[in-house]
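Chemist: The following file, target_28.pdb, comprises PDB, C-alpha atoms:
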```
ATOM      1  CA  MET O   1    -121.713 -53.030  22.252  1.00  0.00           C
ATOM      2  CA  SER O   2    -118.292 -53.904  20.975  1.00  0.00           C
ATOM      3  CA  VAL O   3    -114.824 -52.376  21.871  1.00  0.00           C
ATOM      4  CA  ARG O   4    -112.191 -51.674  19.153  1.00  0.00           C
ATOM      5  CA  ARG O   5    -108.629 -52.785  19.695  1.00  0.00           C
ATOM      6  CA  ARG O   6    -106.010 -49.969  19.045  1.00  0.00           C
ATOM      7  CA  ARG O   7    -102.853 -51.759  20.180  1.00  0.00           C
ATOM      8  CA  PRO O   8    -101.625 -52.710  16.717  1.00  0.00           C
ATOM      9  CA  LEU O   9    -101.763 -49.091  15.641  1.00  0.00           C
ATOM     10  CA  LEU O  10     -99.801 -47.979  18.683  1.00  0.00           C
ATOM     11  CA  VAL O  11     -97.148 -50.589  18.067  1.00  0.00           C
ATOM     12  CA  THR O  12     -96.858 -49.576  14.426  1.00  0.00           C
ATOM     13  CA  ALA O  13     -96.415 -45.929  15.356  1.00  0.00           C
ATOM     14  CA  VAL O  14     -93.738 -46.734  17.875  1.00  0.00           C
ATOM     15  CA  LEU O  15     -91.840 -48.806  15.319  1.00  0.00           C
ATOM     16  CA  ALA O  16     -92.076 -46.000  12.766  1.00  0.00           C
ATOM     17  CA  VAL O  17     -90.683 -43.403  15.182  1.00  0.00           C
ATOM     18  CA  GLY O  18     -87.868 -45.746  16.227  1.00  0.00           C
ATOM     19  CA  ALA O  19     -86.881 -46.365  12.642  1.00  0.00           C
ATOM     20  CA  GLY O  20     -86.741 -42.630  12.022  1.00  0.00           C
ATOM     21  CA  LEU O  21     -84.401 -42.125  14.966  1.00  0.00           C
ATOM     22  CA  VAL O  22     -82.107 -44.854  13.729  1.00  0.00           C
ATOM     23  CA  LEU O  23     -81.908 -43.300  10.276  1.00  0.00           C
ATOM     24  CA  THR O  24     -81.158 -39.874  11.735  1.00  0.00           C
ATOM     25  CA  ALA O  25     -78.294 -41.202  13.879  1.00  0.00           C
ATOM     26  CA  CYS O  26     -76.654 -43.018  10.976  1.00  0.00           C
ATOM     27  CA  GLY O  27     -77.033 -40.238   8.442  1.00  0.00           C
ATOM     28  CA  PRO O  28     -74.107 -37.979   7.235  1.00  0.00           C
ATOM     29  CA  ASP O  29     -73.048 -34.892   9.236  1.00  0.00           C
ATOM     30  CA  ASN O  30     -74.128 -31.993   7.034  1.00  0.00           C
ATOM     31  CA  THR O  31     -71.658 -29.586   8.587  1.00  0.00           C
ATOM     32  CA  ASP O  32     -68.594 -31.821   8.040  1.00  0.00           C
ATOM     33  CA  GLN O  33     -69.651 -32.608   4.508  1.00  0.00           C
ATOM     34  CA  ALA O  34     -69.783 -28.952   3.596  1.00  0.00           C
ATOM     35  CA  ALA O  35     -66.306 -28.274   4.956  1.00  0.00           C
ATOM     36  CA  GLY O  36     -64.797 -31.277   3.276  1.00  0.00           C
ATOM     37  CA  PRO O  37     -62.987 -34.294   4.781  1.00  0.00           C
ATOM     38  CA  LYS O  38     -60.475 -33.600   7.540  1.00  0.00           C
ATOM     39  CA  ALA O  39     -56.926 -34.906   7.142  1.00  0.00           C
ATOM     40  CA  SER O  40     -55.575 -36.772  10.085  1.00  0.00           C
ATOM     41  CA  PRO O  41     -52.558 -34.905  11.639  1.00  0.00           C
ATOM     42  CA  THR O  42     -50.721 -38.190  11.877  1.00  0.00           C
ATOM     43  CA  THR O  43     -51.029 -38.904   8.158  1.00  0.00           C
ATOM     44  CA  ALA O  44     -50.504 -35.388   6.676  1.00  0.00           C
ATOM     45  CA  ALA O  45     -47.925 -35.553   3.853  1.00  0.00           C
ATOM     46  CA  VAL O  46     -44.807 -33.323   4.079  1.00  0.00           C
ATOM     47  CA  THR O  47     -43.111 -32.491   0.794  1.00  0.00           C
ATOM     48  CA  PRO O  48     -39.347 -31.863   1.263  1.00  0.00           C
ATOM     49  CA  ALA O  49     -37.999 -28.604  -0.146  1.00  0.00           C
ATOM     50  CA  PRO O  50     -35.864 -28.916  -3.307  1.00  0.00           C
ATOM     51  CA  THR O  51     -32.131 -29.209  -2.713  1.00  0.00           C
ATOM     52  CA  GLY O  52     -30.566 -25.776  -2.191  1.00  0.00           C
ATOM     53  CA  ALA O  53     -33.927 -24.023  -1.710  1.00  0.00           C
ATOM     54  CA  ALA O  54     -34.960 -22.490   1.596  1.00  0.00           C
ATOM     55  CA  PRO O  55     -37.961 -24.221   3.284  1.00  0.00           C
ATOM     56  CA  ALA O  56     -41.228 -22.346   2.936  1.00  0.00           C
ATOM     57  CA  ALA O  57     -42.343 -20.253   5.875  1.00  0.00           C
ATOM     58  CA  GLY O  58     -44.335 -22.329   8.336  1.00  0.00           C
ATOM     59  CA  SER O  59     -43.141 -25.593   6.812  1.00  0.00           C
ATOM     60  CA  PRO O  60     -42.461 -28.354   9.361  1.00  0.00           C
ATOM     61  CA  THR O  61     -39.027 -28.787   7.764  1.00  0.00           C
ATOM     62  CA  ALA O  62     -37.932 -25.156   8.282  1.00  0.00           C
ATOM     63  CA  PRO O  63     -35.674 -24.859  11.361  1.00  0.00           C
ATOM     64  CA  ALA O  64     -36.835 -22.157  13.737  1.00  0.00           C
ATOM     65  CA  THR O  65     -33.322 -20.718  14.304  1.00  0.00           C
ATOM     66  CA  ALA O  66     -31.788 -20.944  10.797  1.00  0.00           C
ATOM     67  CA  ALA O  67     -29.563 -17.940   9.829  1.00  0.00           C
ATOM     68  CA  ALA O  68     -29.543 -16.386   6.385  1.00  0.00           C
ATOM     69  CA  SER O  69     -25.720 -16.366   6.221  1.00  0.00           C
ATOM     70  CA  HIS O  70     -22.656 -16.842   8.390  1.00  0.00           C
ATOM     71  CA  THR O  71     -21.291 -13.487   9.543  1.00  0.00           C
ATOM     72  CA  PRO O  72     -17.843 -13.234  11.222  1.00  0.00           C
ATOM     73  CA  THR O  73     -18.115 -12.242  14.846  1.00  0.00           C
ATOM     74  CA  SER O  74     -15.280  -9.750  14.441  1.00  0.00           C
ATOM     75  CA  ALA O  75     -13.892  -7.618  11.623  1.00  0.00           C
ATOM     76  CA  PRO O  76     -10.670  -8.812   9.947  1.00  0.00           C
ATOM     77  CA  HIS O  77      -7.531  -7.324  11.400  1.00  0.00           C
ATOM     78  CA  THR O  78      -5.947  -4.500   9.431  1.00  0.00           C
ATOM     79  CA  PRO O  79      -2.627  -2.827  10.215  1.00  0.00           C
ATOM     80  CA  SER O  80      -2.838   0.412  12.112  1.00  0.00           C
ATOM     81  CA  ALA O  81      -2.678   3.520   9.966  1.00  0.00           C
ATOM     82  CA  SER O  82      -0.135   4.986  12.381  1.00  0.00           C
ATOM     83  CA  THR O  83       2.595   2.528  11.416  1.00  0.00           C
ATOM     84  CA  SER O  84       4.426   1.930   8.177  1.00  0.00           C
ATOM     85  CA  ALA O  85       6.064  -1.308   7.112  1.00  0.00           C
ATOM     86  CA  ARG O  86       9.633  -0.843   5.895  1.00  0.00           C
ATOM     87  CA  PRO O  87      10.989  -2.987   3.055  1.00  0.00           C
ATOM     88  CA  GLY O  88      13.447  -5.411   4.610  1.00  0.00           C
ATOM     89  CA  GLY O  89      11.644  -5.611   7.967  1.00  0.00           C
ATOM     90  CA  GLY O  90      10.838  -3.423  10.938  1.00  0.00           C
ATOM     91  CA  SER O  91       8.315  -0.632  11.259  1.00  0.00           C
ATOM     92  CA  ALA O  92       8.091   2.940  12.429  1.00  0.00           C
ATOM     93  CA  PRO O  93       5.303   5.497  12.786  1.00  0.00           C
ATOM     94  CA  ALA O  94       4.298   6.759   9.346  1.00  0.00           C
ATOM     95  CA  ASP O  95       3.884  10.224  10.825  1.00  0.00           C
ATOM     96  CA  ALA O  96       7.236  10.159  12.608  1.00  0.00           C
ATOM     97  CA  THR O  97       8.792  13.556  13.230  1.00  0.00           C
ATOM     98  CA  PRO O  98      11.296  14.592  10.528  1.00  0.00           C
ATOM     99  CA  CYS O  99      14.825  13.577  11.434  1.00  0.00           C
ATOM    100  CA  ASP O 100      17.067  16.117  13.144  1.00  0.00           C
ATOM    101  CA  ILE O 101      20.450  16.392  11.423  1.00  0.00           C
ATOM    102  CA  ASN O 102      22.034  16.246  14.886  1.00  0.00           C
ATOM    103  CA  ASN O 103      20.621  12.726  15.306  1.00  0.00           C
ATOM    104  CA  LEU O 104      21.949  11.387  12.004  1.00  0.00           C
ATOM    105  CA  SER O 105      25.255   9.992  10.833  1.00  0.00           C
ATOM    106  CA  ILE O 106      25.867   9.861   7.066  1.00  0.00           C
ATOM    107  CA  HIS O 107      28.371   7.776   5.135  1.00  0.00           C
ATOM    108  CA  VAL O 108      29.086   7.262   1.424  1.00  0.00           C
ATOM    109  CA  THR O 109      30.943   4.128   0.324  1.00  0.00           C
ATOM    110  CA  ALA O 110      31.643   2.313  -2.939  1.00  0.00           C
ATOM    111  CA  ARG O 111      29.438  -0.686  -3.574  1.00  0.00           C
ATOM    112  CA  PRO O 112      31.552  -3.849  -3.902  1.00  0.00           C
ATOM    113  CA  GLY O 113      31.446  -5.303  -7.405  1.00  0.00           C
ATOM    114  CA  ALA O 114      29.907  -2.153  -8.888  1.00  0.00           C
ATOM    115  CA  PRO O 115      32.648   0.503  -9.367  1.00  0.00           C
ATOM    116  CA  SER O 116      30.271   3.189 -10.643  1.00  0.00           C
ATOM    117  CA  GLN O 117      27.831   2.859  -7.728  1.00  0.00           C
ATOM    118  CA  ARG O 118      27.906   4.485  -4.306  1.00  0.00           C
ATOM    119  CA  VAL O 119      25.893   3.552  -1.207  1.00  0.00           C
ATOM    120  CA  ILE O 120      24.605   6.415   0.902  1.00  0.00           C
ATOM    121  CA  GLU O 121      23.893   5.220   4.448  1.00  0.00           C
ATOM    122  CA  VAL O 122      21.941   7.366   6.916  1.00  0.00           C
ATOM    123  CA  HIS O 123      21.852   6.107  10.510  1.00  0.00           C
ATOM    124  CA  ASN O 124      19.322   7.307  13.085  1.00  0.00           C
ATOM    125  CA  THR O 125      21.337   7.866  16.270  1.00  0.00           C
ATOM    126  CA  GLY O 126      18.351   9.326  18.136  1.00  0.00           C
ATOM    127  CA  ALA O 127      16.201   7.638  20.766  1.00  0.00           C
ATOM    128  CA  LYS O 128      13.001   7.867  18.686  1.00  0.00           C
ATOM    129  CA  ALA O 129      11.886   7.052  15.174  1.00  0.00           C
ATOM    130  CA  CYS O 130      12.072   9.852  12.639  1.00  0.00           C
ATOM    131  CA  SER O 131      11.360  10.249   8.943  1.00  0.00           C
ATOM    132  CA  LEU O 132      13.255  11.316   5.825  1.00  0.00           C
ATOM    133  CA  SER O 133      12.085  12.525   2.432  1.00  0.00           C
ATOM    134  CA  SER O 134      11.628   9.763  -0.160  1.00  0.00           C
ATOM    135  CA  SER O 135      15.236  10.288  -1.302  1.00  0.00           C
ATOM    136  CA  PRO O 136      18.069  12.568  -0.191  1.00  0.00           C
ATOM    137  CA  GLY O 137      19.070  15.738  -1.945  1.00  0.00           C
ATOM    138  CA  VAL O 138      22.185  14.786  -3.948  1.00  0.00           C
ATOM    139  CA  ASN O 139      24.328  16.604  -6.468  1.00  0.00           C
ATOM    140  CA  LEU O 140      27.787  16.097  -7.970  1.00  0.00           C
ATOM    141  CA  GLY O 141      30.296  18.861  -8.548  1.00  0.00           C
ATOM    142  CA  ASN O 142      33.780  20.264  -8.037  1.00  0.00           C
ATOM    143  CA  SER O 143      34.749  21.104  -4.480  1.00  0.00           C
ATOM    144  CA  THR O 144      36.765  24.165  -5.583  1.00  0.00           C
ATOM    145  CA  ALA O 145      34.076  25.755  -7.752  1.00  0.00           C
ATOM    146  CA  ARG O 146      32.553  28.944  -6.400  1.00  0.00           C
ATOM    147  CA  ASP O 147      29.343  28.420  -8.322  1.00  0.00           C
ATOM    148  CA  GLN O 148      27.661  25.157  -7.422  1.00  0.00           C
ATOM    149  CA  SER O 149      24.390  25.937  -9.216  1.00  0.00           C
ATOM    150  CA  ASN O 150      25.397  23.870 -12.255  1.00  0.00           C
ATOM    151  CA  ASN O 151      26.177  20.737 -10.284  1.00  0.00           C
ATOM    152  CA  ILE O 152      24.846  17.514 -11.754  1.00  0.00           C
ATOM    153  CA  ARG O 153      21.698  16.051 -10.180  1.00  0.00           C
ATOM    154  CA  PRO O 154      20.795  12.395 -10.664  1.00  0.00           C
ATOM    155  CA  VAL O 155      17.693  11.044 -12.372  1.00  0.00           C
ATOM    156  CA  LEU O 156      15.432   9.870  -9.539  1.00  0.00           C
ATOM    157  CA  ALA O 157      13.154   6.887  -9.094  1.00  0.00           C
ATOM    158  CA  SER O 158       9.487   7.836  -8.688  1.00  0.00           C
ATOM    159  CA  GLY O 159       8.135   8.193  -5.178  1.00  0.00           C
ATOM    160  CA  THR O 160       7.092  10.942  -2.818  1.00  0.00           C
ATOM    161  CA  LEU O 161       6.304   9.189   0.473  1.00  0.00           C
ATOM    162  CA  ARG O 162       8.499   9.982   3.432  1.00  0.00           C
ATOM    163  CA  PHE O 163      10.633   7.121   4.692  1.00  0.00           C
ATOM    164  CA  PRO O 164      10.390   6.223   8.414  1.00  0.00           C
ATOM    165  CA  VAL O 165      13.602   5.243  10.205  1.00  0.00           C
ATOM    166  CA  PRO O 166      13.307   3.532  13.613  1.00  0.00           C
ATOM    167  CA  ALA O 167      15.734   4.515  16.350  1.00  0.00           C
ATOM    168  CA  GLY O 168      19.107   2.863  15.807  1.00  0.00           C
ATOM    169  CA  GLN O 169      18.256   1.759  12.249  1.00  0.00           C
ATOM    170  CA  ASN O 170      19.610   2.705   8.816  1.00  0.00           C
ATOM    171  CA  ALA O 171      18.187   4.022   5.575  1.00  0.00           C
ATOM    172  CA  TYR O 172      20.050   3.289   2.335  1.00  0.00           C
ATOM    173  CA  VAL O 173      20.151   4.894  -1.095  1.00  0.00           C
ATOM    174  CA  VAL O 174      22.224   3.714  -4.069  1.00  0.00           C
ATOM    175  CA  ILE O 175      23.392   6.072  -6.825  1.00  0.00           C
ATOM    176  CA  ASP O 176      24.969   4.933 -10.073  1.00  0.00           C
ATOM    177  CA  LEU O 177      27.325   7.660 -11.295  1.00  0.00           C
ATOM    178  CA  ASN O 178      27.782   6.146 -14.746  1.00  0.00           C
ATOM    179  CA  PRO O 179      24.993   3.649 -15.564  1.00  0.00           C
ATOM    180  CA  SER O 180      26.105   3.142 -19.173  1.00  0.00           C
ATOM    181  CA  GLY O 181      29.715   2.435 -18.192  1.00  0.00           C
ATOM    182  CA  ALA O 182      30.959   5.068 -20.652  1.00  0.00           C
ATOM    183  CA  THR O 183      34.711   5.656 -20.797  1.00  0.00           C
ATOM    184  CA  THR O 184      34.484   8.776 -22.969  1.00  0.00           C
ATOM    185  CA  GLY O 185      32.160  11.753 -22.947  1.00  0.00           C
ATOM    186  CA  THR O 186      31.909  11.804 -19.184  1.00  0.00           C
ATOM    187  CA  THR O 187      31.636  15.091 -17.258  1.00  0.00           C
ATOM    188  CA  PRO O 188      35.102  16.393 -16.315  1.00  0.00           C
ATOM    189  CA  ASP O 189      36.247  17.808 -12.984  1.00  0.00           C
ATOM    190  CA  ILE O 190      33.668  16.039 -10.829  1.00  0.00           C
ATOM    191  CA  ASN O 191      35.368  15.227  -7.536  1.00  0.00           C
ATOM    192  CA  GLU O 192      32.642  15.518  -4.910  1.00  0.00           C
ATOM    193  CA  ILE O 193      29.235  14.130  -4.004  1.00  0.00           C
ATOM    194  CA  ASN O 194      27.059  16.340  -1.814  1.00  0.00           C
ATOM    195  CA  VAL O 195      24.302  14.811   0.337  1.00  0.00           C
ATOM    196  CA  LEU O 196      21.444  16.498   2.185  1.00  0.00           C
ATOM    197  CA  ALA O 197      19.731  13.691   4.121  1.00  0.00           C
ATOM    198  CA  ASP O 198      16.264  15.245   3.811  1.00  0.00           C
ATOM    199  CA  GLN O 199      15.760  17.254   0.645  1.00  0.00           C
ATOM    200  CA  ASP O 200      12.760  19.084   2.091  1.00  0.00           C
ATOM    201  CA  ASP O 201      14.363  22.371   3.107  1.00  0.00           C
ATOM    202  CA  THR O 202      11.537  23.066   5.552  1.00  0.00           C
ATOM    203  CA  ASN O 203      12.846  20.180   7.649  1.00  0.00           C
ATOM    204  CA  MET O 204      16.582  20.443   6.984  1.00  0.00           C
ATOM    205  CA  PRO O 205      18.535  23.549   5.882  1.00  0.00           C
ATOM    206  CA  LEU O 206      21.024  23.456   3.014  1.00  0.00           C
ATOM    207  CA  ALA O 207      23.735  24.140   5.576  1.00  0.00           C
ATOM    208  CA  ALA O 208      23.224  20.529   6.756  1.00  0.00           C
ATOM    209  CA  THR O 209      24.643  19.210   3.453  1.00  0.00           C
ATOM    210  CA  HIS O 210      27.527  16.725   3.835  1.00  0.00           C
ATOM    211  CA  ASN O 211      30.337  16.615   1.261  1.00  0.00           C
ATOM    212  CA  PHE O 212      32.182  13.433   0.294  1.00  0.00           C
ATOM    213  CA  PRO O 213      35.194  13.297  -2.039  1.00  0.00           C
ATOM    214  CA  LEU O 214      35.299  11.126  -5.152  1.00  0.00           C
ATOM    215  CA  THR O 215      38.479   9.505  -6.423  1.00  0.00           C
ATOM    216  CA  PRO O 216      40.160  11.172  -9.450  1.00  0.00           C
ATOM    217  CA  ASP O 217      39.331   8.267 -11.736  1.00  0.00           C
ATOM    218  CA  THR O 218      35.567   8.551 -11.078  1.00  0.00           C
ATOM    219  CA  ARG O 219      33.547   8.960 -14.297  1.00  0.00           C
ATOM    220  CA  VAL O 220      30.181  10.677 -14.134  1.00  0.00           C
ATOM    221  CA  LEU O 221      27.587  10.583 -16.909  1.00  0.00           C
ATOM    222  CA  ASN O 222      23.799  10.707 -16.549  1.00  0.00           C
ATOM    223  CA  PRO O 223      23.709   9.391 -12.929  1.00  0.00           C
ATOM    224  CA  HIS O 224      20.611   7.529 -11.621  1.00  0.00           C
ATOM    225  CA  MET O 225      19.506   7.250  -7.996  1.00  0.00           C
ATOM    226  CA  GLY O 226      16.770   5.345  -6.160  1.00  0.00           C
ATOM    227  CA  ASN O 227      14.728   6.015  -3.029  1.00  0.00           C
ATOM    228  CA  TYR O 228      15.502   5.273   0.605  1.00  0.00           C
ATOM    229  CA  ARG O 229      15.204   1.610   1.492  1.00  0.00           C
ATOM    230  CA  ALA O 230      15.856  -0.545   4.569  1.00  0.00           C
ATOM    231  CA  THR O 231      18.524  -2.711   2.859  1.00  0.00           C
ATOM    232  CA  VAL O 232      21.229  -2.142   0.254  1.00  0.00           C
ATOM    233  CA  ALA O 233      19.733  -4.830  -2.004  1.00  0.00           C
ATOM    234  CA  GLU O 234      16.364  -3.085  -2.042  1.00  0.00           C
ATOM    235  CA  ALA O 235      18.065   0.256  -2.633  1.00  0.00           C
ATOM    236  CA  VAL O 236      19.770  -1.230  -5.715  1.00  0.00           C
ATOM    237  CA  THR O 237      16.393  -2.401  -7.043  1.00  0.00           C
ATOM    238  CA  SER O 238      14.939   1.066  -6.501  1.00  0.00           C
ATOM    239  CA  MET O 239      17.888   2.664  -8.290  1.00  0.00           C
ATOM    240  CA  ALA O 240      17.420   0.350 -11.282  1.00  0.00           C
ATOM    241  CA  ALA O 241      13.866   1.735 -11.688  1.00  0.00           C
ATOM    242  CA  ALA O 242      15.032   5.350 -11.924  1.00  0.00           C
ATOM    243  CA  GLY O 243      14.073   6.997 -15.183  1.00  0.00           C
ATOM    244  CA  LYS O 244      11.605   4.241 -16.136  1.00  0.00           C
TER     245      LYS O 244
END
```
Would you mind writing the file's structure down as structure tokens?
Modeler:
Amino acid sequence: MSVRRRRPLLVTAVLAVGAGLVLTACGPDNTDQAAGPKASPTTAAVTPAPTGAAPAAGSPTAPATAAASHTPTSAPHTPSASTSARPGGGSAPADATPCDINNLSIHVTARPGAPSQRVIEVHNTGAKACSLSSSPGVNLGNSTARDQSNNIRPVLASGTLRFPVPAGQNAYVVIDLNPSGATTGTTPDINEINVLADQDDTNMPLAATHNFPLTPDTRVLNPHMGNYRATVAEAVTSMAAAGK
């Protein structure tokens, strides 16, 4: 009786199984292949944003704390509404109490180099700022006339704002009695200029009017007057705008 040898078959089977394991270990990963190749984080390309354009959200180039715009930390300074700048310098409360006639001194003088012009100066002698109407109440007439209703009133420059006068300061108005320089046709018998510092009669009664004499050779025709100003020069400029 003979015995069959099975060792070659066993060796062949072992070799076949081993080869199968080797092929399985070297084969592709089905899961990774389905998802596609993975990019290495150290080699990922970063495309810079175009010049002037904001980086896309989540982009590595977008700074985490970038602001949309620069905003001032404080609002720009604006002058207080309670004060009013005066041409020529200085300031006083825009809502200053109307001036009391007892705290004012008033003078009328000829303007040097301009024979037909007069400077009306109002000085605040009080301890506090006060305000005057945009221009004084002025008329020209004859001191001996009983009826003053026909007195001549000047053409005024435009303006309605009250004029603040700090304590111890002056307000000036210039009136030109004869702007055209006429030597004939002027109004006769005018020998007085009457000034009410504040023409608003709710603040100053007509009884507070001051009267100033004019020289006999004074000629009056179509007078023009400006508004209160802080300097004589500015008052002249205001007067020149009257009637325009």
Chemist: May I have the residues within 7 Å of region 117-121 of chain O as a PyMOL selection string, using all atoms listed in the file and disregarding those fewer than 5 positions away in the same chain?
Modeler: chain O and resi 106-111+170-177
Chemist: Between O:Ser133, O:Ser105, O:Ser238, O:Asn139, which one has atoms that come closest to Gln199 (chain O), using all atoms listed in the file?
Modeler: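 The closest residue to Gln199 (chain O) is O:Ser133.
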Chemist: For a quick check of understanding, using all atoms listed in the file, which of O:Gly137, O:Pro166, O:Pro223, O:Gly126 has the smallest distance to Asn102 (chain O)?
Modeler: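 With all atoms listed in the file as the atom set, the closest residue is O:Gly126.
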Chemist: Contacts of Leu206 (chain O) at 12 Å or less, counting all atoms listed in the file, minus same-chain residues fewer than 3 places along, as an MDAnalysis selection string?
Modeler: chainID O and resid 101 136:138 194:203 209:211
Chemist: Could those residues be written to a file, using C-alpha atoms, as an mmCIF file, in the coordinates of the input?
Modeler:
```cif
data_model
loop_
_atom_site.group_PDB
_atom_site.id
_atom_site.type_symbol
_atom_site.label_atom_id
_atom_site.label_comp_id
_atom_site.auth_asym_id
_atom_site.auth_seq_id
_atom_site.Cartn_x
_atom_site.Cartn_y
_atom_site.Cartn_z
ATOM 1 C CA ILE O 101 20.450 16.392 11.423
ATOM 2 C CA PRO O 136 18.069 12.568 -0.191
ATOM 3 C CA GLY O 137 19.070 15.738 -1.945
ATOM 4 C CA VAL O 138 22.185 14.786 -3.948
ATOM 5 C CA ASN O 194 27.059 16.340 -1.814
ATOM 6 C CA VAL O 195 24.302 14.811 0.337
ATOM 7 C CA LEU O 196 21.444 16.498 2.185
ATOM 8 C CA ALA O 197 19.731 13.691 4.121
ATOM 9 C CA ASP O 198 16.264 15.245 3.811
ATOM 10 C CA GLN O 199 15.760 17.254 0.645
ATOM 11 C CA ASP O 200 12.760 19.084 2.091
ATOM 12 C CA ASP O 201 14.363 22.371 3.107
ATOM 13 C CA THR O 202 11.537 23.066 5.552
ATOM 14 C CA ASN O 203 12.846 20.180 7.649
ATOM 15 C CA THR O 209 24.643 19.210 3.453
ATOM 16 C CA HIS O 210 27.527 16.725 3.835
ATOM 17 C CA ASN O 211 30.337 16.615 1.261
#
```
Chemist: Which one of O:Ala167, O:Leu214, O:Leu221, O:Ala208 sits closest to Ser180 (chain O) if you count all atoms listed in the file?
Modeler: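 Among the listed residues, O:Leu221 lies closest to Ser180 (chain O).
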Chemist: List the residues sitting within 8 Å of (26.6, 16.7, -8.8) in the file's frame, using only C-alpha atoms, as a list in words.
Modeler: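 Answer for this query, in the requested form: Val138, Asn139, Leu140, Gly141, Asn151, Ile152, Arg153, Pro154, Ile190, Glu192, Ile193 and Asn194 of chain O.
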Chemist: Find the spatial neighbours of Thr160 (chain O), counting only C-alpha atoms, within a cut-off of 10 Å - ignore same-chain residues fewer than 6 positions away - and output them as a ChimeraX atom specification.
Modeler: /O:133-135,227
Chemist: Using only C-alpha atoms, find the one residue out of O:Asp147, O:Asn178, O:Pro213, O:Arg162 that sits nearest to Arg229 (chain O).
Modeler: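 Among the listed residues, O:Arg162 lies closest to Arg229 (chain O).
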Chemist: CA of Arg219 (chain O) and CA of Thr186 (chain O), how far apart in Å?
Modeler: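 So the answer is 5.9 Å.
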Chemist: To one decimal in Å, tell me the separation between CA of His123 (chain O) and CA of Leu104 (chain O).
Modeler: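 For CA of His123 (chain O) relative to CA of Leu104 (chain O), the distance reads 5.5 Å.
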Chemist: For CA of Cys130 (chain O) and CA of Asp100 (chain O), determine how far apart the two atoms are, in Å to one decimal place.
Modeler: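 One can read the CA of Cys130 (chain O) to CA of Asp100 (chain O) distance as 8.0 Å.
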Chemist: I want to know what sits within 8 Å of Ala241 (chain O), based on all atoms listed in the file, with residues of the same chain fewer than 4 positions away left out; could you give that as a VMD selection string?
Modeler: chain O and resid 157 226 237
Chemist: Could you check the closest approach to Phe163 (chain O) for each of O:Thr215, O:Asn142, O:Ser116, O:Ser131 and tell me which residue wins, using only C-alpha atoms?
Modeler: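 Of O:Thr215, O:Asn142, O:Ser116, O:Ser131, the one nearest Phe163 (chain O), counting only C-alpha atoms, is O:Ser131.
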Chemist: Would you please work out which residue, of O:Pro93, O:Pro188, O:Gly181, O:Gly159, is nearest to Met225 (chain O) when using only C-alpha atoms?
Modeler: O:Gly159
Chemist: Axis-aligned box over every listed atom of region 122-138 of chain O, padded by 3 Å per side: centre and edges in Å to one decimal, as JSON?
Modeler:
```
{"center_x": 16.8, "center_y": 10.9, "center_z": 8.4, "size_x": 16.8, "size_y": 15.6, "size_z": 30.7}
```
